[in-house]
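S.K.: Input file: query.cif. Contents: mmCIF, C-alpha atoms.
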data_input
loop_
_atom_site.group_PDB
_atom_site.id
_atom_site.type_symbol
_atom_site.label_atom_id
_atom_site.label_comp_id
_atom_site.auth_asym_id
_atom_site.auth_seq_id
_atom_site.Cartn_x
_atom_site.Cartn_y
_atom_site.Cartn_z
ATOM 1 C CA MET A 1 39.362 88.365 31.501
ATOM 2 C CA ARG A 2 35.789 89.662 31.170
ATOM 3 C CA LYS A 3 35.261 87.705 27.959
ATOM 4 C CA ILE A 4 35.881 84.409 29.736
ATOM 5 C CA ALA A 5 34.144 85.204 33.068
ATOM 6 C CA LEU A 6 30.617 85.573 31.688
ATOM 7 C CA PRO A 7 30.546 82.244 29.785
ATOM 8 C CA LEU A 8 31.985 80.463 32.838
ATOM 9 C CA ALA A 9 29.338 82.004 35.091
ATOM 10 C CA ILE A 10 26.550 80.943 32.717
ATOM 11 C CA PHE A 11 27.999 77.436 32.500
ATOM 12 C CA ALA A 12 28.163 77.173 36.317
ATOM 13 C CA LEU A 13 24.521 78.301 36.631
ATOM 14 C CA GLY A 14 23.446 75.718 34.067
ATOM 15 C CA ILE A 15 25.229 72.890 35.866
ATOM 16 C CA GLY A 16 23.760 73.959 39.217
ATOM 17 C CA SER A 17 20.232 74.124 37.813
ATOM 18 C CA ALA A 18 20.516 70.708 36.180
ATOM 19 C CA TYR A 19 21.712 69.124 39.424
ATOM 20 C CA ALA A 20 18.947 70.763 41.487
ATOM 21 C CA SER A 21 16.157 69.592 39.169
ATOM 22 C CA THR A 22 17.546 66.033 39.025
ATOM 23 C CA ALA A 23 17.836 65.837 42.820
ATOM 24 C CA SER A 24 14.244 67.028 43.323
ATOM 25 C CA ASP A 25 12.919 64.525 40.743
ATOM 26 C CA LYS A 26 14.551 61.650 42.618
ATOM 27 C CA THR A 27 13.064 62.783 45.940
ATOM 28 C CA GLU A 28 9.546 63.127 44.547
ATOM 29 C CA SER A 29 9.632 59.756 42.783
ATOM 30 C CA ALA A 30 10.752 58.039 46.009
ATOM 31 C CA ILE A 31 7.446 58.925 47.732
ATOM 32 C CA GLN A 32 4.313 56.974 46.820
ATOM 33 C CA ASN A 33 1.127 55.601 48.321
ATOM 34 C CA GLY A 34 1.546 52.250 50.028
ATOM 35 C CA PHE A 35 -0.380 49.099 49.136
ATOM 36 C CA ARG A 36 -1.571 46.530 51.675
ATOM 37 C CA TYR A 37 -2.046 42.835 51.023
ATOM 38 C CA ASP A 38 -5.615 41.625 51.692
ATOM 39 C CA PRO A 39 -5.763 37.805 51.592
ATOM 40 C CA MET A 40 -9.578 37.892 51.824
ATOM 41 C CA ALA A 41 -9.973 39.915 48.609
ATOM 42 C CA PRO A 42 -10.872 38.217 45.299
ATOM 43 C CA VAL A 43 -8.015 36.731 43.290
ATOM 44 C CA GLY A 44 -6.102 39.457 41.453
ATOM 45 C CA GLU A 45 -7.394 42.199 43.788
ATOM 46 C CA GLU A 46 -5.417 41.341 46.940
ATOM 47 C CA CYS A 47 -3.109 44.360 46.625
ATOM 48 C CA VAL A 48 -5.158 47.350 47.833
ATOM 49 C CA GLU A 49 -3.922 50.964 47.666
ATOM 50 C CA THR A 50 -3.971 53.037 50.864
ATOM 51 C CA THR A 51 -3.658 56.775 51.411
ATOM 52 C CA ASN A 52 -0.502 56.344 53.500
ATOM 53 C CA SER A 53 2.571 57.935 51.907
ATOM 54 C CA CYS A 54 5.730 55.837 52.055
ATOM 55 C CA SER A 55 9.252 55.924 50.643
ATOM 56 C CA THR A 56 11.092 53.512 48.379
ATOM 57 C CA GLU A 57 14.405 54.600 49.930
ATOM 58 C CA PHE A 58 15.722 52.110 52.487
ATOM 59 C CA ASN A 59 15.767 52.977 56.189
ATOM 60 C CA ASP A 60 15.234 51.059 59.459
ATOM 61 C CA GLU A 61 11.487 51.751 59.779
ATOM 62 C CA ILE A 62 9.001 49.865 57.597
ATOM 63 C CA CYS A 63 5.916 51.797 56.496
ATOM 64 C CA THR A 64 2.810 50.319 58.135
ATOM 65 C CA TYR A 65 -0.963 50.503 58.011
ATOM 66 C CA THR A 66 -3.252 49.895 60.993
ATOM 67 C CA ASP A 67 -6.867 48.759 60.766
ATOM 68 C CA SER A 68 -9.255 46.815 63.006
ATOM 69 C CA SER A 69 -7.339 43.565 62.399
ATOM 70 C CA GLY A 70 -3.964 45.032 63.441
ATOM 71 C CA GLN A 71 -0.842 46.523 61.960
ATOM 72 C CA HIS A 72 0.302 45.528 58.464
ATOM 73 C CA ASN A 73 3.376 46.279 56.328
ATOM 74 C CA LEU A 74 2.861 48.399 53.232
ATOM 75 C CA PHE A 75 4.286 47.522 49.829
ATOM 76 C CA ASP A 76 4.811 49.087 46.424
ATOM 77 C CA GLN A 77 2.292 48.456 43.650
ATOM 78 C CA GLY A 78 2.016 44.705 43.146
ATOM 79 C CA CYS A 79 2.623 44.005 46.871
ATOM 80 C CA VAL A 80 6.133 42.628 46.295
ATOM 81 C CA ASN A 81 8.651 45.131 47.717
ATOM 82 C CA VAL A 82 8.186 46.566 51.197
ATOM 83 C CA LEU A 83 8.134 50.361 51.587
ATOM 84 C CA PHE A 84 9.703 52.487 54.315
ATOM 85 C CA LYS A 85 8.565 55.377 56.516
ATOM 86 C CA ILE A 86 9.340 58.827 55.179
ATOM 87 C CA THR A 87 12.165 60.325 57.208
#
Before we go any further, please render this structure as structure tokens.
M.R.:
Amino acid sequence: MRKIALPLAIFALGIGSAYASTASDKTESAIQNGFRYDPMAPVGEECVETTNSCSTEFNDEICTYTDSSGQHNLFDQGCVNVLFKIT
């Protein structure tokens, strides 16, 4: 019984460690700085990075940026896909 218990324990630890590192990688990659669209910027430079952290994972609250002209939605790089507030 001892001969089989140790390999099974090591196998279980390996599986647990692999799952934990994969789960943390997904969480970290889902958080990024948001980009705002500036229609007054020169052509090709309309998508401006902000320091606001947002999430790529869908939820009910859109990540926003507020400046003197009002509140604006934040997007991923390229200003195509909207980002969401970090929950």
S.K.: Would you list the contacts of region 71-79 of chain A as a PyMOL selection string, taking every protein, DNA or RNA residue within 6 Å and counting all atoms listed in the file, but skipping same-chain residues closer than 6 positions in sequence?
M.R.: chain A and resi 34-36+47+63-65
S.K.: Which residues come within 9 Å of Lys85 (chain A), counting only C-alpha atoms, excluding same-chain residues fewer than 5 positions away, as a list in words?
M.R.: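 The contact residues come out as Ser53, Cys54, Ser55, Thr56, Glu57, Phe58, Asn59, Asp60, Glu61, Ile62, Cys63 and Thr64 of chain A.
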S.K.: If you measure from CA of Gln32 (chain A) to CA of Glu46 (chain A), what distance in Å do you get, rounded to one decimal?
M.R.: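 So the answer is 18.4 Å.
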S.K.: Counting all atoms listed in the file, which residues come within 12 Å of (-9.4, 39.1, 56.7), with the point read in the file's coordinates, and could you list them as an MDAnalysis selection string?
M.R.: chainID A and resid 36:42 46 67:70 72
